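Coordinates as given in upload_15.json (JSON, C-alpha atoms and all ligand atoms):
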```json
[["chain", "number", "residue", "atom", "x", "y", "z"],
["A", 1195, "MET", "CA", 0.00, 0.00, 0.00],
["A", 1196, "ILE", "CA", 1.21, 3.51, -0.79],
["A", 1197, "SER", "CA", 1.35, 6.02, 2.04],
["A", 1198, "ILE", "CA", 2.01, 9.74, 1.72],
["A", 1199, "THR", "CA", 2.87, 12.28, 4.39],
["A", 1200, "ALA", "CA", 0.73, 15.37, 4.85],
["A", 1201, "MET", "CA", 0.49, 18.12, 7.45],
["A", 1202, "LYS", "CA", -1.95, 17.80, 10.33],
["A", 1203, "TRP", "CA", -2.68, 21.48, 10.01],
["A", 1204, "ALA", "CA", -1.63, 24.39, 7.77],
["A", 1205, "PRO", "CA", -2.46, 28.11, 7.79],
["A", 1206, "PRO", "CA", -5.36, 29.29, 5.58],
["A", 1207, "PHE", "CA", -3.04, 30.65, 2.85],
["A", 1208, "ALA", "CA", -1.56, 27.18, 2.43],
["A", 1209, "SER", "CA", -4.66, 25.01, 2.83],
["A", 1210, "GLY", "CA", -5.29, 23.24, -0.47],
["A", 1211, "GLN", "CA", -1.79, 24.13, -1.65],
["A", 1212, "VAL", "CA", 0.50, 22.08, 0.58],
["A", 1213, "ARG", "CA", 2.57, 20.12, -1.88],
["A", 1214, "ASP", "CA", 1.16, 16.73, -0.97],
["A", 1215, "HIS", "CA", -1.87, 17.79, -3.05],
["A", 1216, "ARG", "CA", 0.26, 17.19, -6.15],
["A", 1217, "VAL", "CA", 0.98, 13.66, -5.06],
["A", 1218, "ARG", "CA", -2.65, 12.97, -4.17],
["A", 1219, "TRP", "CA", -3.63, 14.40, -7.57],
["A", 1220, "ILE", "CA", -1.40, 12.17, -9.68],
["A", 1221, "LEU", "CA", -2.30, 9.12, -7.58],
["A", 1222, "ASN", "CA", -5.98, 9.92, -8.16],
["A", 1223, "GLU", "CA", -5.34, 10.42, -11.90],
["A", 1224, "VAL", "CA", -3.75, 6.99, -12.27],
["A", 1225, "GLY", "CA", -6.19, 5.34, -9.85],
["A", 1226, "TRP", "CA", -3.68, 4.07, -7.29],
["A", 1227, "PRO", "CA", -5.08, 3.85, -3.75],
["A", 1228, "TYR", "CA", -3.10, 5.44, -0.94],
["A", 1229, "GLU", "CA", -3.17, 6.19, 2.74],
["A", 1230, "VAL", "CA", -2.30, 9.54, 4.27],
["A", 1231, "ARG", "CA", 0.05, 9.76, 7.23],
["A", 1232, "LEU", "CA", -0.52, 13.07, 8.98],
["A", 1233, "VAL", "CA", 2.57, 14.49, 10.65],
["A", 1234, "ASP", "CA", 3.28, 17.38, 13.02],
["A", 1235, "ALA", "CA", 6.28, 19.74, 13.05],
["A", 1236, "PRO", "CA", 8.47, 17.87, 15.59],
["A", 1237, "THR", "CA", 7.96, 14.64, 13.65],
["A", 1238, "MET", "CA", 9.12, 16.31, 10.40],
["A", 1239, "LYS", "CA", 12.19, 17.70, 12.12],
["A", 1240, "SER", "CA", 13.02, 14.51, 14.03],
["A", 1241, "PRO", "CA", 16.34, 12.80, 13.25],
["A", 1242, "GLY", "CA", 14.54, 9.62, 12.14],
["A", 1243, "TYR", "CA", 12.31, 11.44, 9.65],
["A", 1244, "MET", "CA", 15.22, 13.46, 8.27],
["A", 1245, "THR", "CA", 17.51, 10.46, 7.99],
["A", 1246, "ASP", "CA", 15.04, 7.96, 6.64],
["A", 1247, "LEU", "CA", 12.43, 10.00, 4.75],
["A", 1248, "GLN", "CA", 13.20, 13.61, 3.89],
["A", 1249, "PRO", "CA", 16.64, 15.15, 4.54],
["A", 1250, "PHE", "CA", 15.21, 18.69, 4.79],
["A", 1251, "GLY", "CA", 12.49, 17.85, 7.30],
["A", 1252, "GLN", "CA", 9.67, 18.56, 4.86],
["A", 1253, "LEU", "CA", 6.89, 16.79, 3.04],
["A", 1254, "PRO", "CA", 5.54, 15.17, 0.93],
["A", 1255, "VAL", "CA", 7.18, 11.77, 1.09],
["A", 1256, "LEU", "CA", 5.76, 8.70, -0.62],
["A", 1257, "GLU", "CA", 6.33, 5.39, 1.14],
["A", 1258, "GLU", "CA", 5.57, 2.05, -0.46],
["A", 1259, "ASP", "CA", 6.28, -1.55, 0.52],
["A", 1260, "GLY", "CA", 9.43, -2.90, -1.09],
["A", 1261, "ARG", "CA", 10.77, 0.46, -2.30],
["A", 1262, "PRO", "CA", 12.85, 3.18, -0.69],
["A", 1263, "PRO", "CA", 10.81, 6.26, 0.28],
["A", 1264, "LEU", "CA", 10.68, 9.04, -2.29],
["A", 1265, "PHE", "CA", 10.66, 12.77, -1.55],
["A", 1266, "GLU", "CA", 10.33, 15.93, -3.70],
["A", 1267, "SER", "CA", 6.83, 16.45, -5.03],
["A", 1268, "GLY", "CA", 8.08, 16.74, -8.62],
["A", 1269, "ALA", "CA", 10.05, 13.50, -8.42],
["A", 1270, "ILE", "CA", 7.07, 11.68, -6.94],
["A", 1271, "VAL", "CA", 4.67, 12.97, -9.60],
["A", 1272, "LEU", "CA", 7.07, 11.92, -12.38],
["A", 1273, "ASP", "CA", 7.77, 8.53, -10.82],
["A", 1274, "VAL", "CA", 4.10, 7.65, -10.34],
["A", 1275, "ALA", "CA", 3.21, 8.76, -13.89],
["A", 1276, "MET", "CA", 6.13, 6.82, -15.42],
["A", 1277, "ARG", "CA", 5.39, 3.64, -13.47],
["A", 1278, "ALA", "CA", 1.69, 3.84, -14.25],
["A", 1279, "GLY", "CA", 2.45, 4.72, -17.88],
["A", 1280, "ARG", "CA", -0.16, 7.49, -17.69],
["A", 1281, "CYS", "CA", -0.16, 11.28, -18.12],
["A", 1282, "ILE", "CA", 3.46, 11.39, -19.32],
["A", 1283, "GLY", "CA", 3.71, 10.11, -22.90],
["A", 1284, "ALA", "CA", 5.23, 6.78, -23.88],
["A", 1285, "GLU", "CA", 8.70, 5.73, -22.74],
["A", 1286, "GLY", "CA", 11.49, 7.03, -24.96],
["A", 1287, "THR", "CA", 9.30, 9.48, -26.88],
["A", 1288, "ALA", "CA", 9.81, 13.20, -27.40],
["A", 1289, "GLU", "CA", 6.45, 13.66, -25.68],
["A", 1290, "ARG", "CA", 7.76, 12.14, -22.47],
["A", 1291, "ALA", "CA", 10.92, 14.25, -22.63],
["A", 1292, "ALA", "CA", 8.83, 17.38, -23.11],
["A", 1293, "ALA", "CA", 6.55, 16.49, -20.19],
["A", 1294, "ILE", "CA", 9.58, 16.05, -17.91],
["A", 1295, "GLN", "CA", 11.08, 19.28, -19.23],
["A", 1296, "TRP", "CA", 7.95, 21.29, -18.39],
["A", 1297, "VAL", "CA", 7.64, 19.79, -14.91],
["A", 1298, "VAL", "CA", 11.23, 20.76, -14.15],
["A", 1299, "ALA", "CA", 10.65, 24.20, -15.70],
["A", 1300, "GLY", "CA", 7.65, 24.75, -13.45],
["A", 1301, "LEU", "CA", 9.62, 23.85, -10.34],
["A", 1302, "ASN", "CA", 12.83, 25.61, -11.35],
["A", 1303, "SER", "CA", 11.84, 28.58, -13.46],
["A", 1304, "ILE", "CA", 8.38, 29.58, -12.20],
["A", 1305, "GLU", "CA", 7.79, 28.41, -8.63],
["A", 1306, "PRO", "CA", 10.80, 30.22, -7.07],
["A", 1307, "PHE", "CA", 9.56, 33.55, -8.46],
["A", 1308, "LEU", "CA", 6.15, 32.98, -6.90],
["A", 1309, "PHE", "CA", 7.73, 32.05, -3.60],
["A", 1310, "ASN", "CA", 9.62, 35.31, -3.52],
["A", 1311, "VAL", "CA", 6.23, 37.03, -3.54],
["A", 1312, "ALA", "CA", 4.77, 34.58, -1.01],
["A", 1313, "GLU", "CA", 7.69, 35.22, 1.31],
["A", 1314, "VAL", "CA", 7.00, 38.95, 1.26],
["A", 1315, "GLU", "CA", 3.24, 38.57, 1.73],
["A", 1316, "TYR", "CA", 3.17, 35.82, 4.32],
["A", 1317, "PHE", "CA", 6.46, 35.85, 6.20],
["A", 1318, "MET", "CA", 8.09, 39.30, 6.20],
["A", 1319, "GLU", "CA", 7.17, 41.35, 9.24],
["A", 1320, "ASP", "CA", 9.01, 44.62, 8.71],
["A", 1321, "GLU", "CA", 6.44, 46.77, 6.86],
["A", 1322, "ALA", "CA", 9.05, 49.13, 5.37],
["A", 1323, "ALA", "CA", 11.15, 46.26, 4.04],
["A", 1324, "LYS", "CA", 8.01, 44.62, 2.68],
["A", 1325, "ALA", "CA", 6.95, 47.79, 0.85],
["A", 1326, "ALA", "CA", 10.40, 48.11, -0.72],
["A", 1327, "ARG", "CA", 10.67, 44.49, -1.83],
["A", 1328, "ARG", "CA", 7.07, 43.81, -2.95],
["A", 1329, "PRO", "CA", 7.13, 45.73, -6.28],
["A", 1330, "VAL", "CA", 10.40, 44.10, -7.31],
["A", 1331, "VAL", "CA", 9.31, 40.50, -6.69],
["A", 1332, "VAL", "CA", 5.80, 41.08, -8.03],
["A", 1333, "SER", "CA", 7.18, 42.52, -11.25],
["A", 1334, "GLU", "CA", 9.64, 39.64, -11.70],
["A", 1335, "ALA", "CA", 6.95, 37.04, -11.03],
["A", 1336, "LYS", "CA", 4.54, 38.67, -13.48],
["A", 1337, "LYS", "CA", 7.21, 38.72, -16.18],
["A", 1338, "ARG", "CA", 7.78, 34.98, -15.71],
["A", 1339, "LEU", "CA", 4.07, 34.28, -15.85],
["A", 1340, "GLU", "CA", 3.75, 36.28, -19.08],
["A", 1341, "MET", "CA", 6.58, 34.23, -20.60],
["A", 1342, "LEU", "CA", 4.88, 31.04, -19.49],
["A", 1343, "GLU", "CA", 1.63, 32.13, -21.12],
["A", 1344, "GLN", "CA", 3.51, 32.95, -24.33],
["A", 1345, "ALA", "CA", 5.03, 29.48, -24.28],
["A", 1346, "ARG", "CA", 1.63, 27.86, -23.74],
["A", 1347, "GLY", "CA", 0.47, 29.71, -26.82],
["A", 1348, "GLY", "CA", -3.23, 29.21, -26.19],
["A", 1349, "ARG", "CA", -2.97, 25.42, -26.24],
["A", 1350, "ASP", "CA", -5.14, 23.28, -23.97],
["A", 1351, "TRP", "CA", -2.22, 20.99, -23.10],
["A", 1352, "PHE", "CA", 1.43, 21.80, -22.61],
["A", 1353, "VAL", "CA", 2.45, 18.56, -24.31],
["A", 1354, "GLY", "CA", 0.73, 16.56, -27.04],
["A", 1355, "GLU", "CA", -3.01, 16.18, -27.30],
["A", 1356, "SER", "CA", -3.99, 15.25, -23.76],
["A", 1357, "PHE", "CA", -3.44, 15.93, -20.06],
["A", 1358, "THR", "CA", 0.06, 15.28, -18.75],
["A", 1359, "VAL", "CA", 2.07, 15.89, -15.60],
["A", 1360, "ALA", "CA", 3.17, 19.17, -17.20],
["A", 1361, "ASP", "CA", -0.39, 20.47, -16.96],
["A", 1362, "LEU", "CA", -0.72, 19.09, -13.44],
["A", 1363, "MET", "CA", 2.44, 20.81, -12.25],
["A", 1364, "PHE", "CA", 1.71, 24.19, -13.83],
["A", 1365, "ALA", "CA", -1.91, 24.24, -12.62],
["A", 1366, "SER", "CA", -0.62, 23.35, -9.15],
["A", 1367, "ILE", "CA", 2.12, 25.97, -9.16],
["A", 1368, "LEU", "CA", -0.29, 28.60, -10.46],
["A", 1369, "LYS", "CA", -2.42, 28.11, -7.35],
["A", 1370, "ILE", "CA", 0.23, 30.10, -5.54],
["A", 1371, "ALA", "CA", 0.03, 32.84, -8.19],
["A", 1372, "ASP", "CA", -3.74, 32.88, -8.06],
["A", 1373, "ARG", "CA", -3.84, 33.23, -4.28],
["A", 1374, "LEU", "CA", -1.29, 36.05, -4.53],
["A", 1375, "GLU", "CA", -3.50, 37.75, -7.16],
["A", 1376, "LEU", "CA", -0.80, 37.61, -9.82],
["A", 1377, "LEU", "CA", -3.02, 36.25, -12.60],
["A", 1378, "GLY", "CA", -5.31, 39.28, -13.00],
["A", 1379, "GLU", "CA", -3.56, 40.47, -16.16],
["A", 1380, "LEU", "CA", -3.45, 36.98, -17.65],
["A", 1381, "PRO", "CA", -7.12, 35.96, -17.89],
["A", 1382, "ALA", "CA", -6.50, 33.25, -20.50],
["A", 1383, "LEU", "CA", -3.88, 31.57, -18.31],
["A", 1384, "ALA", "CA", -6.20, 31.86, -15.31],
["A", 1385, "ALA", "CA", -9.05, 30.28, -17.31],
["A", 1386, "TRP", "CA", -6.74, 27.48, -18.49],
["A", 1387, "GLN", "CA", -5.68, 26.77, -14.90],
["A", 1388, "LYS", "CA", -9.29, 26.73, -13.73],
["A", 1389, "ALA", "CA", -10.17, 24.15, -16.38],
["A", 1390, "ILE", "CA", -7.26, 21.90, -15.37],
["A", 1391, "LEU", "CA", -8.10, 22.23, -11.66],
["A", 1392, "ALA", "CA", -11.67, 21.13, -12.40],
["A", 1393, "ARG", "CA", -10.43, 17.60, -13.13],
["A", 1394, "PRO", "CA", -12.05, 15.24, -10.60],
["A", 1395, "ALA", "CA", -8.63, 13.90, -9.54],
["A", 1396, "HIS", "CA", -7.58, 17.37, -8.45],
["A", 1397, "VAL", "CA", -10.91, 18.30, -6.89],
["A", 1398, "LYS", "CA", -10.70, 15.21, -4.67],
["A", 1399, "ALA", "CA", -7.03, 15.83, -3.82],
["A", 1400, "GLU", "CA", -7.69, 19.39, -2.75],
["A", 1401, "ARG", "CA", -10.90, 18.57, -0.90],
["A", 1402, "ASP", "CA", -9.26, 15.75, 1.05],
["A", 1403, "GLN", "CA", -6.29, 17.88, 2.06],
["A", 1404, "MET", "CA", -8.46, 20.79, 3.14],
["A", 1405, "ALA", "CA", -10.78, 18.53, 5.13],
["A", 1406, "GLU", "CA", -7.85, 17.03, 7.07],
["A", 1407, "ILE", "CA", -6.48, 20.49, 7.82],
["A", 1408, "ALA", "CA", -9.92, 21.71, 8.92],
["A", 1409, "ARG", "CA", -10.20, 18.79, 11.37],
["A", 1410, "HIS", "CA", -7.04, 19.96, 13.16],
["A", 1411, "SER", "CA", -5.79, 23.11, 14.83],
["A", 1412, "PRO", "CA", -2.42, 24.88, 15.02],
["A", 1413, "ALA", "CA", -1.84, 23.19, 18.40],
["A", 1414, "ASP", "CA", -1.85, 19.81, 16.65],
["A", 1415, "MET", "CA", 1.32, 20.81, 14.77],
["A", 1416, "ARG", "CA", 3.12, 21.07, 18.16],
["A", 1417, "TYR", "CA", 5.28, 24.02, 17.11],
["A", 1418, "ASP", "CA", 5.86, 24.70, 20.82],
["A", 1419, "ALA", "CA", 7.68, 21.40, 21.26],
["A", 1420, "LEU", "CA", 9.94, 22.37, 18.37],
["A", 1421, "ARG", "CA", 10.72, 25.75, 19.89],
["A", 1422, "LYS", "CA", 11.55, 24.16, 23.27],
["A", 1423, "GLU", "CA", 14.02, 21.79, 21.57],
["A", 1424, "SER", "CA", 15.90, 24.63, 19.83],
["B", 1501, "LIG", "N1", 10.93, 20.97, -3.09],
["B", 1501, "LIG", "C1", 10.10, 20.33, -2.10],
["B", 1501, "LIG", "C2", 9.56, 21.38, -1.16],
["B", 1501, "LIG", "C3", 8.86, 20.75, 0.02],
["B", 1501, "LIG", "C4", 8.22, 21.79, 0.92],
["B", 1501, "LIG", "O1", 8.56, 22.99, 0.89],
["B", 1501, "LIG", "N2", 7.27, 21.31, 1.72],
["B", 1501, "LIG", "C5", 6.60, 22.19, 2.66],
["B", 1501, "LIG", "C6", 5.11, 21.99, 2.55],
["B", 1501, "LIG", "S1", 4.50, 22.53, 0.97],
["B", 1501, "LIG", "C7", 6.99, 21.79, 4.07],
["B", 1501, "LIG", "O2", 7.21, 20.64, 4.36],
["B", 1501, "LIG", "N3", 7.07, 22.80, 4.95],
["B", 1501, "LIG", "C8", 7.37, 22.60, 6.35],
["B", 1501, "LIG", "C9", 8.75, 23.00, 6.69],
["B", 1501, "LIG", "O3", 9.53, 23.38, 5.80],
["B", 1501, "LIG", "O4", 9.05, 22.94, 7.88],
["B", 1501, "LIG", "C10", 8.98, 19.52, -2.79],
["B", 1501, "LIG", "O5", 8.51, 19.97, -3.82],
["B", 1501, "LIG", "O6", 8.59, 18.46, -2.27]]
```
Could you render the structure from this file as structure tokens?
Ligand SMILES: N[C@@H](CCC(=O)N[C@@H](CS)C(=O)NCC(=O)O)C(=O)O
Amino acid sequence: MISITAMKWAPPFASGQVRDHRVRWILNEVGWPYEVRLVDAPTMKSPGYMTDLQPFGQLPVLEEDGRPPLFESGAIVLDVAMRAGRCIGAEGTAERAAAIQWVVAGLNSIEPFLFNVAEVEYFMEDEAAKAARRPVVVSEAKKRLEMLEQARGGRDWFVGESFTVADLMFASILKIADRLELLGELPALAAWQKAILARPAHVKAERDQMAEIARHSPADMRYDALRKES
């Protein structure tokens, strides 16, 4: 049986966006059943977790009988799609290479720009520093998103003639942009994302994650225990 790690609780800005939703989504797309192992902060930062599951004390991690655990949401999405032979083009084809290329591009060339904005909005406390940095990171992120939309060129799918992990990854990454209100000037890209997110496999992934988070409270993450240790 496959098991994936997910957070017991996450703040409202992250609910529905914690990266295990990508893993749930691809597993739902290919129809593989899985269990969810909810973890708190001290568990993620424990030596056992970091040695055996995720060296950076983060999630998601996919565990499966008879295989070493796998971390990095992008790696897990690619691995599941390749093993299932679904949503990634046939082995050895240019279509598969392009799907991998776009997944890596999403993670490497788009997501970091969005996180620069997220960092300012959600984590910076100094209002003056925030006001100085916000226009710079917002402008850079918007430029990247415009380039992405150019590259999509109005197509329904990033690769070939059907849904692939490239579409999954971009629609997932664009959730961050949408919540940060960075898609307002790109209505066609926003509409494309909305259509991809309407896939039942995603709707279930997001709904399940949000329901688990709603059942818990910040106290369940035991951040206090982490602070006492440090
Ligand atoms: N590159 C990693 C990033 C993992 C990551 O940032 N996970 C976040 C949740 S979305 C996390 O575990 N945050 C808790 C922490 O860093 O303590 C991936 O895509 O899996």
Worksheet entry | Of the listed residues A:Glu1313, A:Lys1398, A:Ala1335, A:Asp1273, that which approaches Phe1207 of chain A most closely, counting all atoms listed in the file |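 Closest candidate: A:Glu1313.
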Discussion item. Counting only C-alpha atoms, which residue out of A:Arg1213, A:Arg1401, A:Lys1336, A:Arg1280 sits closest to Leu1377 of chain A?
Written reply: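 That would be A:Lys1336, the residue with the smallest distance to Leu1377 of chain A.
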Fill in: Protein and nucleic acid residues within 8 Å of ligand LIG 1501 (chain B) (all atoms listed in the file) as a PyMOL selection string
chain A and resi 1201+1208+1211-1214+1235+1238-1239+1250-1255+1265-1268+1301
Discussion item. So that I can see what lies close to segment 1410-1417 of chain A, please list as a list in words the residues with an atom at most 8 Å from it, counting only C-alpha atoms and leaving out residues fewer than 2 positions away in the same chain.
Written reply: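 Surrounding residues, per the criterion: Met1201, Lys1202, Trp1203, Ala1204, Pro1205, Val1233, Asp1234, Ala1235, Pro1236, Glu1406, Ile1407, Ala1408, Ala1419, Leu1420 and Arg1421 of chain A.
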Worksheet item: So how far away is atom CA of Ser1209 of chain A from atom CA of Glu1223 of chain A, in Å?
Response: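 A separation of 20.7 Å between them.
Of the listed residues (A:Arg1393, A:Arg1346, A:Lys1388, A:Arg1338), A:Lys1388 comes nearest to Asp1372 of chain A; the distances count only C-alpha atoms.
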Shell of 8 Å around Cys1281 of chain A, all atoms listed in the file, local chain residues under 3 positions omitted, as a short mmCIF file (atom, residue, chain, number, x, y, z; two decimals) with C-alpha atoms, in the frame of the given file:
```cif
data_model
loop_
_atom_site.label_atom_id
_atom_site.label_comp_id
_atom_site.auth_asym_id
_atom_site.auth_seq_id
_atom_site.Cartn_x
_atom_site.Cartn_y
_atom_site.Cartn_z
CA ALA A 1275 3.21 8.76 -13.89
CA SER A 1356 -3.99 15.25 -23.76
CA PHE A 1357 -3.44 15.93 -20.06
CA THR A 1358 0.06 15.28 -18.75
CA VAL A 1359 2.07 15.89 -15.60
#
```
Discussion item. Please report the interatomic distance between atom CA of Asp1246 of chain A and atom CA of Asn1222 of chain A in Å with one decimal.
Written reply: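 Atom-to-atom, atom CA of Asp1246 of chain A and atom CA of Asn1222 of chain A are spaced 25.8 Å apart.
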N, CA, C and O atoms are what I want for segment 1200-1218 of chain A; can you complete it accordingly and write them as a PDB file, keeping the file's coordinate frame?
```
ATOM      1  N   ALA A1200       1.419  14.090   5.011  1.00  0.00           N
ATOM      2  CA  ALA A1200       0.730  15.370   4.850  1.00  0.00           C
ATOM      3  C   ALA A1200       0.705  16.054   6.210  1.00  0.00           C
ATOM      4  O   ALA A1200       0.885  15.412   7.242  1.00  0.00           O
ATOM      5  N   MET A1201       0.474  17.365   6.192  1.00  0.00           N
ATOM      6  CA  MET A1201       0.490  18.120   7.450  1.00  0.00           C
ATOM      7  C   MET A1201      -0.834  17.974   8.193  1.00  0.00           C
ATOM      8  O   MET A1201      -1.896  18.030   7.579  1.00  0.00           O
ATOM      9  N   LYS A1202      -0.725  17.850   9.521  1.00  0.00           N
ATOM     10  CA  LYS A1202      -1.950  17.800  10.330  1.00  0.00           C
ATOM     11  C   LYS A1202      -2.738  19.087  10.181  1.00  0.00           C
ATOM     12  O   LYS A1202      -3.953  19.082  10.138  1.00  0.00           O
ATOM     13  N   TRP A1203      -2.007  20.183  10.106  1.00  0.00           N
ATOM     14  CA  TRP A1203      -2.680  21.480  10.010  1.00  0.00           C
ATOM     15  C   TRP A1203      -1.789  22.410   9.189  1.00  0.00           C
ATOM     16  O   TRP A1203      -0.564  22.269   9.185  1.00  0.00           O
ATOM     17  N   ALA A1204      -2.386  23.360   8.499  1.00  0.00           N
ATOM     18  CA  ALA A1204      -1.630  24.390   7.770  1.00  0.00           C
ATOM     19  C   ALA A1204      -2.418  25.680   7.828  1.00  0.00           C
ATOM     20  O   ALA A1204      -3.655  25.654   7.964  1.00  0.00           O
ATOM     21  N   PRO A1205      -1.737  26.833   7.737  1.00  0.00           N
ATOM     22  CA  PRO A1205      -2.460  28.110   7.790  1.00  0.00           C
ATOM     23  C   PRO A1205      -3.366  28.278   6.560  1.00  0.00           C
ATOM     24  O   PRO A1205      -3.135  27.634   5.526  1.00  0.00           O
ATOM     25  N   PRO A1206      -4.390  29.142   6.676  1.00  0.00           N
ATOM     26  CA  PRO A1206      -5.360  29.290   5.580  1.00  0.00           C
ATOM     27  C   PRO A1206      -4.716  29.559   4.211  1.00  0.00           C
ATOM     28  O   PRO A1206      -5.169  29.022   3.200  1.00  0.00           O
ATOM     29  N   PHE A1207      -3.627  30.357   4.163  1.00  0.00           N
ATOM     30  CA  PHE A1207      -3.040  30.650   2.850  1.00  0.00           C
ATOM     31  C   PHE A1207      -2.474  29.409   2.173  1.00  0.00           C
ATOM     32  O   PHE A1207      -2.308  29.360   0.963  1.00  0.00           O
ATOM     33  N   ALA A1208      -2.183  28.379   2.987  1.00  0.00           N
ATOM     34  CA  ALA A1208      -1.560  27.180   2.430  1.00  0.00           C
ATOM     35  C   ALA A1208      -2.550  26.017   2.248  1.00  0.00           C
ATOM     36  O   ALA A1208      -2.261  25.067   1.513  1.00  0.00           O
ATOM     37  N   SER A1209      -3.701  26.123   2.898  1.00  0.00           N
ATOM     38  CA  SER A1209      -4.660  25.010   2.830  1.00  0.00           C
ATOM     39  C   SER A1209      -5.107  24.783   1.382  1.00  0.00           C
ATOM     40  O   SER A1209      -5.535  25.713   0.700  1.00  0.00           O
ATOM     41  N   GLY A1210      -4.965  23.560   0.924  1.00  0.00           N
ATOM     42  CA  GLY A1210      -5.290  23.240  -0.470  1.00  0.00           C
ATOM     43  C   GLY A1210      -4.087  23.368  -1.385  1.00  0.00           C
ATOM     44  O   GLY A1210      -4.131  22.988  -2.553  1.00  0.00           O
ATOM     45  N   GLN A1211      -2.981  23.912  -0.826  1.00  0.00           N
ATOM     46  CA  GLN A1211      -1.790  24.130  -1.650  1.00  0.00           C
ATOM     47  C   GLN A1211      -0.555  23.395  -1.123  1.00  0.00           C
ATOM     48  O   GLN A1211       0.496  23.453  -1.760  1.00  0.00           O
ATOM     49  N   VAL A1212      -0.663  22.808   0.056  1.00  0.00           N
ATOM     50  CA  VAL A1212       0.500  22.080   0.580  1.00  0.00           C
ATOM     51  C   VAL A1212       0.864  21.024  -0.466  1.00  0.00           C
ATOM     52  O   VAL A1212      -0.015  20.416  -1.078  1.00  0.00           O
ATOM     53  N   ARG A1213       2.160  20.846  -0.679  1.00  0.00           N
ATOM     54  CA  ARG A1213       2.570  20.120  -1.880  1.00  0.00           C
ATOM     55  C   ARG A1213       2.149  18.657  -1.944  1.00  0.00           C
ATOM     56  O   ARG A1213       2.236  18.041  -3.005  1.00  0.00           O
ATOM     57  N   ASP A1214       1.664  18.100  -0.847  1.00  0.00           N
ATOM     58  CA  ASP A1214       1.160  16.730  -0.970  1.00  0.00           C
ATOM     59  C   ASP A1214      -0.066  16.678  -1.895  1.00  0.00           C
ATOM     60  O   ASP A1214      -0.430  15.613  -2.375  1.00  0.00           O
ATOM     61  N   HIS A1215      -0.707  17.856  -2.161  1.00  0.00           N
ATOM     62  CA  HIS A1215      -1.870  17.790  -3.050  1.00  0.00           C
ATOM     63  C   HIS A1215      -1.460  17.343  -4.450  1.00  0.00           C
ATOM     64  O   HIS A1215      -2.234  16.714  -5.155  1.00  0.00           O
ATOM     65  N   ARG A1216      -0.207  17.627  -4.830  1.00  0.00           N
ATOM     66  CA  ARG A1216       0.260  17.190  -6.150  1.00  0.00           C
ATOM     67  C   ARG A1216       0.355  15.660  -6.226  1.00  0.00           C
ATOM     68  O   ARG A1216       0.057  15.054  -7.250  1.00  0.00           O
ATOM     69  N   VAL A1217       0.798  15.117  -5.110  1.00  0.00           N
ATOM     70  CA  VAL A1217       0.980  13.660  -5.060  1.00  0.00           C
ATOM     71  C   VAL A1217      -0.388  12.970  -5.035  1.00  0.00           C
ATOM     72  O   VAL A1217      -0.630  11.994  -5.746  1.00  0.00           O
ATOM     73  N   ARG A1218      -1.284  13.524  -4.201  1.00  0.00           N
ATOM     74  CA  ARG A1218      -2.650  12.970  -4.170  1.00  0.00           C
ATOM     75  C   ARG A1218      -3.245  13.035  -5.576  1.00  0.00           C
ATOM     76  O   ARG A1218      -3.914  12.101  -6.030  1.00  0.00           O
TER      77      ARG A1218
END
```
